[in-house]
file model-v3.txt (compact mmCIF, C-alpha atoms)
# COMPACT_ATOMS: atom_id res chain seq x y z
CA MET A 21 -11.54 16.55 -12.30
CA ILE A 22 -8.83 16.46 -9.66
CA ARG A 23 -5.49 17.23 -11.29
CA TYR A 24 -2.44 15.18 -10.22
CA ALA A 25 1.30 15.31 -10.69
CA VAL A 26 3.03 11.93 -10.67
CA VAL A 27 6.32 12.25 -8.77
CA GLY A 28 8.63 9.47 -9.88
CA ALA A 29 8.28 7.77 -13.27
CA GLY A 30 9.47 4.30 -12.30
CA TRP A 31 7.82 0.91 -12.68
CA ILE A 32 4.81 1.43 -10.41
CA SER A 33 3.90 4.69 -12.14
CA GLN A 34 4.35 3.22 -15.61
CA GLU A 35 2.66 -0.10 -14.91
CA SER A 36 -0.20 1.03 -12.72
CA PHE A 37 -0.76 4.66 -11.77
CA LEU A 38 -0.51 6.37 -15.15
CA PRO A 39 -2.79 3.80 -16.85
CA GLY A 40 -5.22 3.89 -13.92
CA ALA A 41 -5.75 7.64 -14.06
CA ALA A 42 -7.81 7.46 -17.23
CA GLN A 43 -9.97 4.74 -15.63
CA SER A 44 -10.86 6.74 -12.52
CA GLY A 45 -13.54 8.93 -14.05
CA ASN A 46 -12.73 11.91 -11.84
CA SER A 47 -8.94 12.35 -12.03
CA THR A 48 -6.40 13.45 -14.58
CA ILE A 49 -2.59 13.57 -14.74
CA GLU A 50 -1.30 17.05 -15.52
CA ALA A 51 2.42 16.57 -14.91
CA ILE A 52 5.19 14.01 -14.51
CA VAL A 53 8.11 14.84 -12.21
CA THR A 54 11.17 12.79 -13.09
CA GLY A 55 14.93 12.73 -13.19
CA ASP A 56 14.84 11.36 -16.75
CA LEU A 57 13.17 13.99 -18.93
CA GLU A 58 13.52 11.91 -22.08
CA LYS A 59 11.69 8.99 -20.54
CA GLY A 60 9.15 11.38 -19.03
CA ALA A 61 8.47 12.91 -22.44
CA LYS A 62 7.72 9.48 -23.93
CA LEU A 63 5.32 8.67 -21.11
CA ALA A 64 3.67 12.08 -21.36
CA ALA A 65 3.12 11.69 -25.09
CA PHE A 66 1.69 8.19 -24.64
CA HIS A 67 -0.72 9.25 -21.87
CA ASN A 68 -1.45 12.75 -23.21
CA ILE A 69 0.05 14.52 -20.19
CA PRO A 70 0.82 18.21 -20.77
CA GLN A 71 3.88 18.75 -18.54
CA VAL A 72 7.15 17.00 -17.74
CA VAL A 73 9.37 18.66 -15.14
CA SER A 74 12.61 17.79 -13.38
CA TYR A 75 12.98 17.28 -9.65
CA GLN A 76 14.70 20.66 -9.55
CA ASP A 77 11.48 22.26 -10.82
CA TYR A 78 9.20 20.41 -8.38
CA ASP A 79 8.67 23.44 -6.14
CA ALA A 80 7.83 25.65 -9.11
CA LEU A 81 5.21 23.11 -10.19
CA LEU A 82 3.79 23.04 -6.66
CA ALA A 83 3.58 26.84 -6.66
CA SER A 84 1.57 26.84 -9.88
CA ASP A 85 -2.18 26.44 -10.22
CA SER A 86 -1.90 23.51 -12.63
CA ILE A 87 -2.29 20.67 -10.10
CA ASP A 88 -4.41 19.88 -7.04
CA ALA A 89 -2.60 16.80 -5.74
CA VAL A 90 0.56 14.72 -6.07
CA TYR A 91 1.14 10.99 -6.21
CA ILE A 92 4.54 10.14 -4.73
CA ALA A 93 6.09 6.97 -6.10
CA LEU A 94 9.69 7.59 -5.12
CA PRO A 95 12.02 5.31 -3.10
CA ASN A 96 10.87 5.13 0.53
CA SER A 97 13.66 7.38 1.79
CA MET A 98 12.38 10.27 -0.35
CA HIS A 99 8.71 10.16 0.70
CA ALA A 100 8.94 12.61 3.58
CA ASP A 101 10.73 15.42 1.76
CA TYR A 102 8.46 15.43 -1.28
CA THR A 103 5.32 15.02 0.83
CA ILE A 104 6.14 17.88 3.19
CA ARG A 105 6.99 20.24 0.32
CA ALA A 106 3.69 19.41 -1.39
CA ALA A 107 1.70 19.94 1.81
CA ARG A 108 3.29 23.32 2.43
CA ALA A 109 2.30 24.32 -1.10
CA GLY A 110 -1.31 23.42 -0.37
CA LYS A 111 -1.46 20.24 -2.45
CA HIS A 112 -3.11 16.98 -1.39
CA ILE A 113 -0.81 13.96 -1.24
CA LEU A 114 -1.22 10.30 -2.13
CA VAL A 115 2.01 8.54 -1.13
CA GLU A 116 3.10 4.97 -1.66
CA LYS A 117 3.67 2.68 1.29
CA PRO A 118 5.47 2.41 3.57
CA LEU A 119 4.69 5.99 4.47
CA ALA A 120 8.28 6.88 5.40
CA THR A 121 11.48 5.33 6.74
CA THR A 122 11.35 6.73 10.29
CA VAL A 123 8.60 7.52 12.76
CA ALA A 124 9.87 11.10 13.01
CA ASP A 125 9.49 11.56 9.24
CA ALA A 126 6.02 10.02 9.23
CA GLU A 127 4.89 12.27 12.06
CA ALA A 128 6.35 15.31 10.26
CA MET A 129 4.42 14.38 7.11
CA ILE A 130 1.17 14.06 9.06
CA ALA A 131 1.79 17.36 10.85
CA ALA A 132 2.60 19.19 7.61
CA ALA A 133 -0.64 18.01 6.00
CA ASP A 134 -2.68 18.89 9.08
CA GLN A 135 -1.15 22.36 9.34
CA ALA A 136 -1.79 23.04 5.65
CA GLY A 137 -5.34 21.71 5.74
CA VAL A 138 -4.69 19.16 2.98
CA PHE A 139 -5.30 15.42 2.84
CA LEU A 140 -2.48 12.89 3.15
CA MET A 141 -3.48 9.41 2.06
CA THR A 142 -1.34 6.28 2.24
CA ALA A 143 -1.74 4.24 -0.95
CA TYR A 144 -3.55 1.18 0.36
CA ARG A 145 -5.32 0.38 -2.90
CA LEU A 146 -6.97 -2.77 -1.51
CA HIS A 147 -9.14 -0.63 0.78
CA ASN A 148 -11.05 0.33 -2.39
CA GLU A 149 -11.17 -3.17 -3.93
CA PRO A 150 -14.47 -5.13 -3.78
CA GLY A 151 -13.17 -8.56 -2.73
CA THR A 152 -11.05 -7.24 0.12
CA VAL A 153 -13.91 -5.24 1.58
CA ALA A 154 -16.39 -8.11 1.07
CA LEU A 155 -14.10 -10.38 3.12
CA LEU A 156 -14.01 -7.81 5.92
CA ASP A 157 -17.81 -7.53 5.78
CA LEU A 158 -18.21 -11.31 6.04
CA ILE A 159 -15.97 -11.39 9.10
CA ARG A 160 -17.79 -8.45 10.69
CA ASP A 161 -21.10 -10.25 10.05
CA GLY A 162 -19.88 -13.37 11.89
CA ALA A 163 -19.60 -15.66 8.86
CA ILE A 164 -16.71 -17.60 10.47
CA GLY A 165 -17.50 -16.85 14.09
CA THR A 166 -14.68 -15.07 15.88
CA ALA A 167 -11.58 -14.50 13.75
CA LEU A 168 -8.70 -16.30 15.50
CA ILE A 169 -5.87 -17.01 13.04
CA PHE A 170 -4.50 -15.15 10.03
CA GLN A 171 -2.01 -16.88 7.70
CA SER A 172 -0.43 -15.40 4.60
CA VAL A 173 2.35 -15.86 2.04
CA PHE A 174 3.34 -13.14 -0.43
CA SER A 175 6.46 -13.87 -2.45
CA PHE A 176 8.17 -13.57 -5.81
CA GLN A 177 11.64 -13.50 -7.32
CA THR A 178 13.01 -9.98 -7.56
CA THR A 179 15.86 -8.85 -9.81
CA LEU A 180 19.30 -7.49 -9.00
CA GLY A 181 19.46 -3.69 -9.12
CA ASN A 182 15.92 -3.04 -7.89
CA HIS A 183 15.83 -0.13 -5.42
CA ARG A 184 13.75 -2.31 -3.07
CA LEU A 185 16.93 -4.29 -2.40
CA LYS A 186 18.71 -1.21 -0.99
CA ALA A 187 18.95 -0.78 2.76
CA ALA A 188 19.34 2.99 2.35
CA HIS A 189 15.81 3.16 0.96
CA TRP A 190 14.45 0.90 3.76
CA GLY A 191 13.95 -1.79 1.18
CA GLY A 192 13.12 -5.42 1.81
CA PRO A 193 10.33 -7.97 1.52
CA LEU A 194 8.83 -6.88 4.84
CA GLN A 195 8.35 -3.26 3.78
CA ASP A 196 7.32 -4.05 0.21
CA LEU A 197 5.27 -7.24 0.61
CA GLY A 198 4.82 -7.86 4.31
CA VAL A 199 3.01 -4.57 4.73
CA TYR A 200 0.09 -6.04 2.76
CA SER A 201 -0.24 -8.97 5.15
CA LEU A 202 0.22 -6.72 8.16
CA ASN A 203 -2.40 -4.25 6.99
CA ALA A 204 -4.85 -7.03 6.17
CA ALA A 205 -4.45 -8.63 9.61
CA ARG A 206 -4.98 -5.32 11.41
CA HIS A 207 -8.31 -4.77 9.68
CA ILE A 208 -9.41 -8.40 9.85
CA PHE A 209 -8.99 -8.42 13.64
CA ALA A 210 -10.15 -4.76 13.80
CA GLU A 211 -7.46 -3.97 16.35
CA GLU A 212 -3.75 -3.29 16.58
CA PRO A 213 -1.07 -5.92 17.25
CA VAL A 214 0.59 -5.77 20.65
CA GLU A 215 3.62 -8.04 20.16
CA ALA A 216 5.85 -9.18 17.29
CA THR A 217 8.36 -11.98 16.79
CA ALA A 218 10.23 -12.60 13.56
CA THR A 219 13.05 -14.45 11.85
CA VAL A 220 14.87 -13.76 8.58
CA ILE A 221 16.80 -15.66 5.94
CA GLN A 222 19.63 -13.80 4.16
CA PRO A 223 21.60 -16.05 1.77
CA LYS A 224 25.29 -15.22 1.70
CA ASP A 225 25.76 -16.48 -1.85
CA ASP A 226 23.06 -14.37 -3.54
CA PRO A 227 24.16 -10.83 -4.51
CA ARG A 228 20.55 -9.62 -4.48
CA PHE A 229 20.55 -9.93 -0.72
CA ALA A 230 23.83 -8.28 0.17
CA GLU A 231 21.97 -5.53 2.06
CA ILE A 232 18.57 -6.97 2.95
CA GLU A 233 17.01 -10.30 3.83
CA ALA A 234 15.52 -12.58 1.19
CA THR A 235 12.70 -13.86 3.40
CA ILE A 236 11.07 -12.88 6.67
CA ALA A 237 8.60 -14.89 8.77
CA VAL A 238 6.49 -12.94 11.26
CA THR A 239 4.13 -13.70 14.13
CA LEU A 240 1.91 -10.98 15.58
CA ARG A 241 -0.21 -11.23 18.71
CA PHE A 242 -3.43 -9.22 18.98
CA PRO A 243 -5.06 -8.15 22.27
CA SER A 244 -8.28 -10.16 21.89
CA GLY A 245 -6.41 -13.40 21.25
CA GLY A 246 -5.88 -13.31 17.49
CA ILE A 247 -2.63 -14.54 15.97
CA ALA A 248 -1.27 -13.45 12.57
CA GLN A 249 1.53 -15.34 10.88
CA PHE A 250 2.93 -14.36 7.49
CA VAL A 251 5.94 -14.96 5.26
CA SER A 252 7.25 -12.39 2.78
CA SER A 253 10.01 -13.14 0.31
CA PHE A 254 11.90 -11.63 -2.62
CA GLY A 255 13.59 -14.97 -3.28
CA ALA A 256 10.77 -17.51 -3.68
CA GLY A 257 8.18 -18.49 -6.26
CA SER A 258 5.17 -16.31 -6.94
CA VAL A 259 2.55 -16.90 -4.22
CA ASP A 260 -0.10 -14.42 -3.13
CA ASN A 261 -2.81 -15.50 -0.69
CA TYR A 262 -4.16 -15.36 2.82
CA ARG A 263 -6.50 -17.34 5.04
CA VAL A 264 -8.54 -16.35 8.08
CA ILE A 265 -9.61 -19.13 10.43
CA GLY A 266 -12.43 -18.42 12.83
CA SER A 267 -14.23 -20.28 15.58
CA THR A 268 -16.83 -21.73 13.17
CA GLY A 269 -15.30 -21.56 9.70
CA ASP A 270 -12.61 -20.06 7.52
CA ILE A 271 -12.08 -17.77 4.50
CA GLU A 272 -9.34 -17.93 1.89
CA MET A 273 -8.47 -15.15 -0.56
CA ASP A 274 -6.36 -16.29 -3.51
CA PRO A 275 -5.10 -14.14 -5.12
CA GLY A 276 -5.05 -11.82 -2.17
CA PHE A 277 -2.89 -8.80 -2.84
CA LYS A 278 -1.82 -8.38 -6.47
CA ALA A 279 -3.26 -5.58 -8.57
CA ASP A 280 -3.45 -7.32 -11.95
CA CYS A 281 -6.15 -9.94 -11.35
CA ALA A 282 -9.62 -10.42 -9.92
CA MET A 283 -9.90 -11.54 -6.31
CA LYS A 284 -11.40 -14.94 -5.51
CA LEU A 285 -12.75 -15.89 -2.10
CA ARG A 286 -13.53 -19.34 -0.66
CA LEU A 287 -15.78 -19.45 2.40
CA ARG A 288 -16.16 -22.61 4.46
CA GLN A 289 -18.87 -22.69 7.11
CA ASN A 290 -20.94 -25.51 8.63
CA GLY A 291 -19.49 -28.08 6.24
CA VAL A 292 -20.41 -26.05 3.17
CA THR A 293 -17.88 -24.46 0.82
CA ARG A 294 -18.80 -21.43 -1.26
CA ASP A 295 -16.63 -19.79 -3.90
CA ILE A 296 -17.13 -16.11 -4.69
CA ALA A 297 -15.45 -14.32 -7.60
CA PHE A 298 -15.29 -10.53 -7.67
CA PRO A 299 -15.20 -8.20 -10.64
CA GLN A 300 -11.73 -7.21 -11.72
CA THR A 301 -11.15 -3.54 -11.17
CA ASP A 302 -8.22 -1.29 -11.95
CA HIS A 303 -6.89 -0.94 -8.40
CA PHE A 304 -5.07 2.30 -9.07
CA GLY A 305 -7.96 3.87 -10.94
CA ALA A 306 -10.25 2.91 -8.06
CA GLN A 307 -7.83 4.31 -5.50
CA MET A 308 -7.58 7.60 -7.41
CA ALA A 309 -11.35 7.78 -7.78
CA TYR A 310 -11.76 7.38 -4.02
CA PHE A 311 -9.09 9.92 -3.09
CA SER A 312 -10.41 12.43 -5.61
CA ASP A 313 -13.90 11.96 -4.16
CA CYS A 314 -12.46 12.72 -0.72
CA ILE A 315 -10.82 15.89 -2.02
CA THR A 316 -14.00 17.02 -3.78
CA SER A 317 -16.29 16.28 -0.82
CA GLY A 318 -13.89 17.43 1.90
CA LYS A 319 -14.22 14.06 3.68
CA PRO A 320 -10.84 12.80 4.99
CA PRO A 321 -9.65 9.49 3.51
CA GLU A 322 -9.79 6.39 5.71
CA ALA A 323 -6.23 5.35 4.82
CA ASP A 324 -4.74 8.60 6.08
CA GLY A 325 -1.25 9.31 7.36
CA GLU A 326 -2.07 7.79 10.74
CA GLU A 327 -2.97 4.54 8.99
CA GLY A 328 0.45 4.50 7.35
CA LEU A 329 2.11 5.31 10.68
CA ALA A 330 0.28 2.43 12.41
CA ASP A 331 1.82 -0.03 9.97
CA MET A 332 5.24 1.62 10.30
CA LEU A 333 5.27 1.17 14.07
CA ALA A 334 4.54 -2.51 13.63
CA LEU A 335 7.12 -2.87 10.84
CA ILE A 336 9.82 -1.34 13.05
CA ALA A 337 8.92 -3.68 15.92
CA ILE A 338 9.08 -6.66 13.54
CA GLU A 339 12.51 -5.59 12.30
CA THR A 340 13.77 -5.23 15.86
CA ALA A 341 12.38 -8.65 16.78
CA ALA A 342 14.18 -10.22 13.82
CA ARG A 343 17.46 -8.47 14.65
CA THR A 344 17.45 -9.24 18.37
CA GLY A 345 15.65 -12.56 18.45
CA GLN A 346 13.42 -11.18 21.20
CA PRO A 347 9.66 -10.45 21.16
CA GLN A 348 8.90 -6.75 20.76
CA LYS A 349 5.96 -4.84 22.18
CA ILE A 350 3.90 -2.68 19.83
CA ALA A 351 1.94 0.35 21.04
CA VAL A 352 -0.45 1.82 18.47
CA ARG A 353 -3.62 3.80 19.06
CA PRO A 354 -6.74 1.91 17.90
CA ARG A 355 -7.91 3.01 14.48
CA PRO A 356 -11.31 4.72 14.42
CA HIS A 357 -12.18 3.39 10.94
CA HIS A 358 -11.76 0.32 8.76
CA PRO A 359 -12.47 -0.21 5.04
CA THR A 360 -16.20 -0.30 4.28
CA ALA A 361 -18.34 -0.88 1.19
CA ASP A 362 -18.87 2.83 0.54
CA MET A 363 -15.12 3.10 -0.17
CA VAL A 364 -15.17 0.56 -3.00
CA ARG A 365 -14.74 1.93 -6.52
CA LEU A 366 -15.01 -0.08 -9.76
CA SER A 367 -12.72 1.17 -12.50
CA PRO A 368 -12.47 -0.54 -15.91
CA VAL A 369 -9.30 -2.50 -16.55
CA THR A 370 -7.03 -1.14 -19.25
CA SER A 371 -4.13 -2.47 -21.31
CA HIS A 372 -3.05 1.03 -22.34
CA ARG A 373 0.37 1.22 -20.72
CA LEU A 374 3.93 1.96 -21.72
CA LEU A 375 6.85 0.32 -19.90
CA LEU A 376 10.25 1.86 -20.53
call {"tool": "encode", "arguments": {"input": "model-v3.txt", "output": "structure tokens"}}
result
Amino acid sequence: MIRYAVVGAGWISQESFLPGAAQSGNSTIEAIVTGDLEKGAKLAAFHNIPQVVSYQDYDALLASDSIDAVYIALPNSMHADYTIRAARAGKHILVEKPLATTVADAEAMIAAADQAGVFLMTAYRLHNEPGTVALLDLIRDGAIGTALIFQSVFSFQTTLGNHRLKAAHWGGPLQDLGVYSLNAARHIFAEEPVEATATVIQPKDDPRFAEIEATIAVTLRFPSGGIAQFVSSFGAGSVDNYRVIGSTGDIEMDPGFKADCAMKLRLRQNGVTRDIAFPQTDHFGAQMAYFSDCITSGKPPEADGEEGLADMLALIAIETAARTGQPQKIAVRPRPHHPTADMVRLSPVTSHRLLL
């Protein structure tokens, strides 16, 4: 078993990561690091976790032999500090996306992991989900000819007070939701975008959006001729899908990104429509199972720090395009790997969770 500490006991840890650990088959949670020890104690008792420590005791935990890895689910602005400290202590790191808030921080995180000889993985859970990888396989096998157009909407209504609405944490629908569409498009076209344009909507009469936009619409151009267009919003109804249109057919995935339901794919080719449903898997349990397998085998994870940095460079260009109204160039090294079937893990779904 690979032993993890969960750093940050907020919603994503409570809703997804802590429940998923027991479903992974090869991972266990040995500690919770939190600023609310009372809440941490309740979660620890519910999930049978032996330790709860404060942020002030994080380094002492890292220095101990009680954990092998950390899962960092803190606000974006805190990712770099807690990642670098873990790497220097010789612990592997699974960190939520976006990887960091600046390119300099992301590069420092990657360098710290490399220098320590530990793995840094960006938490792209869909890279281990069967429907997502099956869609990529169909495209690679030419099921729709050449992929030409990617379209996506990912939206929901967020609530006032959420840290994702804070500019200081690099919050916003682009970083929280748009990154899913961006990451999907990059792997669907199997290349990196070279230009971004974008526009935002920021209502003046909605206090939720005093610091960030409510909605962003993005267009990305890819070097081989592909176009990706997506809309991300914290102020619209719940929608979660994407469509890839090729030279001879198209594929829809609906739902496309959420973690709490099974993926469903619709393939249209040569006048024939085929619906494919995939088994529902615990996304976070599957992600843990994959990362723990990487740690055990010594094989680096596909969604490494460089994968997180690739998305960050595009996110920054998109933000600049929205702010200036001008197209922005994107320069990212081609990725050597994309999600493949051997990365898929099937973890049983659980209802054993405690939300505080």
call {"tool": "closest_residue", "arguments": {"input": "model-v3.txt", "among": "A:Gly325, A:Pro368, A:Pro347, A:Gly30", "to": "Met141 in chain A", "atoms": "all atoms listed in the file"}}
result
A:Gly325
call {"tool": "closest_residue", "arguments": {"input": "model-v3.txt", "among": "A:Thr103, A:Ser33, A:Asn46, A:Thr142", "to": "Glu326 in chain A", "atoms": "all atoms listed in the file"}}
result
A:Thr142
call {"tool": "closest_residue", "arguments": {"input": "model-v3.txt", "among": "A:Ala133, A:Lys319, A:Tyr91, A:Ser252", "to": "Ser36 in chain A", "atoms": "all atoms listed in the file"}}
result
A:Tyr91
call {"tool": "closest_residue", "arguments": {"input": "model-v3.txt", "among": "A:Arg145, A:Lys117, A:Arg23, A:His99", "to": "Pro359 in chain A", "atoms": "only C-alpha atoms"}}
result
A:Arg145
call {"tool": "atom_distance", "arguments": {"input": "model-v3.txt", "atom1": "CA of Asn203 in chain A", "atom2": "CA of Thr370 in chain A"}}
result
26.8 Å
call {"tool": "closest_residue", "arguments": {"input": "model-v3.txt", "among": "A:Glu149, A:Asp362, A:Asp280, A:Glu35", "to": "Cys314 in chain A", "atoms": "all atoms listed in the file"}}
result
A:Asp362
call {"tool": "residues_around", "arguments": {"input": "model-v3.txt", "residues": "Glu212 in chain A", "least_positions_apart": "6", "cutoff": "9 Å", "atoms": "all atoms listed in the file", "output": "list in words"}}
result
Ala205, Arg206, Arg241, Phe242, Pro243, Ala330, Ala334, Ile350, Ala351, Val352, Arg353, Pro354 and Arg355 of chain A
call {"tool": "residues_near_point", "arguments": {"input": "model-v3.txt", "point": "(-14.0, 3.2, 12.0)", "cutoff": "12 Å", "atoms": "all atoms listed in the file", "output": "MDAnalysis selection string"}}
result
chainID A and resid 207 210:211 321:323 327 354:360
call {"tool": "closest_residue", "arguments": {"input": "model-v3.txt", "among": "A:Ala234, A:Ala163, A:Ala25, A:Ala143", "to": "Gln289 in chain A", "atoms": "all atoms listed in the file"}}
result
A:Ala163
call {"tool": "atom_distance", "arguments": {"input": "model-v3.txt", "atom1": "CA of Leu114 in chain A", "atom2": "CA of Thr178 in chain A"}}
result
25.4 Å
call {"tool": "residues_near_point", "arguments": {"input": "model-v3.txt", "point": "(-7.9, 15.8, -15.4)", "cutoff": "10 Å", "atoms": "only C-alpha atoms", "output": "PyMOL selection string"}}
result
chain A and resi 21-24+41-42+44-50+69+87-88
call {"tool": "decode", "arguments": {"input": "model-v3.txt", "residues": "range 73-161 of chain A", "atoms": "C-alpha atoms", "output": "compact mmCIF listing (two decimals), in the first residue's frame"}}
result
# COMPACT_ATOMS: atom_id res chain seq x y z
CA VAL A 73 -1.99 17.41 11.94
CA SER A 74 -2.01 21.18 11.55
CA TYR A 75 -0.33 23.07 8.74
CA GLN A 76 2.31 24.10 11.27
CA ASP A 77 3.20 20.42 11.72
CA TYR A 78 3.33 19.63 8.00
CA ASP A 79 7.13 19.53 7.85
CA ALA A 80 7.31 17.22 10.87
CA LEU A 81 4.88 14.86 9.13
CA LEU A 82 6.99 14.98 5.96
CA ALA A 83 10.10 14.15 7.99
CA SER A 84 8.45 11.07 9.47
CA ASP A 85 8.30 7.61 7.92
CA SER A 86 4.50 7.41 8.14
CA ILE A 87 3.69 8.53 4.57
CA ASP A 88 5.02 7.96 1.06
CA ALA A 89 3.08 10.62 -0.84
CA VAL A 90 0.88 13.69 -0.44
CA TYR A 91 -2.29 14.79 -2.18
CA ILE A 92 -2.47 18.59 -2.29
CA ALA A 93 -5.99 19.98 -2.42
CA LEU A 94 -5.28 23.52 -1.28
CA PRO A 95 -6.21 26.80 -3.03
CA ASN A 96 -4.15 27.23 -6.22
CA SER A 97 -1.89 29.87 -4.70
CA MET A 98 -0.63 27.38 -2.10
CA HIS A 99 0.24 24.49 -4.44
CA ALA A 100 3.87 25.43 -5.05
CA ASP A 101 4.93 25.86 -1.43
CA TYR A 102 3.42 22.61 -0.19
CA THR A 103 4.61 20.67 -3.24
CA ILE A 104 8.21 21.86 -3.00
CA ARG A 105 8.40 21.10 0.73
CA ALA A 106 7.07 17.58 0.12
CA ALA A 107 9.53 16.96 -2.71
CA ARG A 108 12.48 18.07 -0.61
CA ALA A 109 11.37 15.62 2.06
CA GLY A 110 11.41 12.79 -0.47
CA LYS A 111 7.64 12.37 -0.81
CA HIS A 112 5.77 11.85 -4.08
CA ILE A 113 3.17 14.49 -4.90
CA LEU A 114 -0.28 14.39 -6.47
CA VAL A 115 -1.45 17.99 -6.83
CA GLU A 116 -4.77 19.37 -7.98
CA LYS A 117 -5.00 21.43 -11.14
CA PRO A 118 -4.09 24.00 -12.17
CA LEU A 119 -0.59 23.06 -11.14
CA ALA A 120 0.31 26.52 -9.82
CA THR A 121 -0.49 30.20 -10.31
CA THR A 122 2.70 31.24 -12.13
CA VAL A 123 5.02 29.60 -14.62
CA ALA A 124 7.96 30.24 -12.27
CA ASP A 125 6.20 28.34 -9.47
CA ALA A 126 5.29 25.46 -11.76
CA GLU A 127 8.86 25.17 -13.01
CA ALA A 128 10.15 25.27 -9.42
CA MET A 129 7.78 22.44 -8.48
CA ILE A 130 8.96 20.33 -11.41
CA ALA A 131 12.61 21.04 -10.61
CA ALA A 132 12.15 20.19 -6.93
CA ALA A 133 10.60 16.82 -7.77
CA ASP A 134 13.28 16.05 -10.35
CA GLN A 135 16.10 16.95 -7.96
CA ALA A 136 14.60 14.80 -5.20
CA GLY A 137 13.92 11.85 -7.49
CA VAL A 138 10.20 11.78 -6.66
CA PHE A 139 7.14 11.80 -8.89
CA LEU A 140 4.98 14.90 -9.35
CA MET A 141 1.62 14.15 -10.92
CA THR A 142 -1.03 16.68 -11.90
CA ALA A 143 -4.48 15.40 -10.92
CA TYR A 144 -6.04 14.80 -14.32
CA ARG A 145 -8.38 12.04 -13.16
CA LEU A 146 -9.98 11.63 -16.60
CA HIS A 147 -6.71 10.22 -17.96
CA ASN A 148 -7.57 7.08 -15.94
CA GLU A 149 -11.28 6.96 -16.84
CA PRO A 150 -12.46 4.37 -19.42
CA GLY A 151 -14.78 6.53 -21.53
CA THR A 152 -12.28 9.35 -21.97
CA VAL A 153 -9.53 7.00 -23.09
CA ALA A 154 -11.92 5.04 -25.36
CA LEU A 155 -12.81 8.30 -27.14
CA LEU A 156 -9.13 9.06 -27.69
CA ASP A 157 -8.60 5.52 -29.01
CA LEU A 158 -11.49 5.90 -31.47
CA ILE A 159 -10.02 9.15 -32.78
CA ARG A 160 -6.54 7.64 -33.04
CA ASP A 161 -8.04 4.69 -34.97
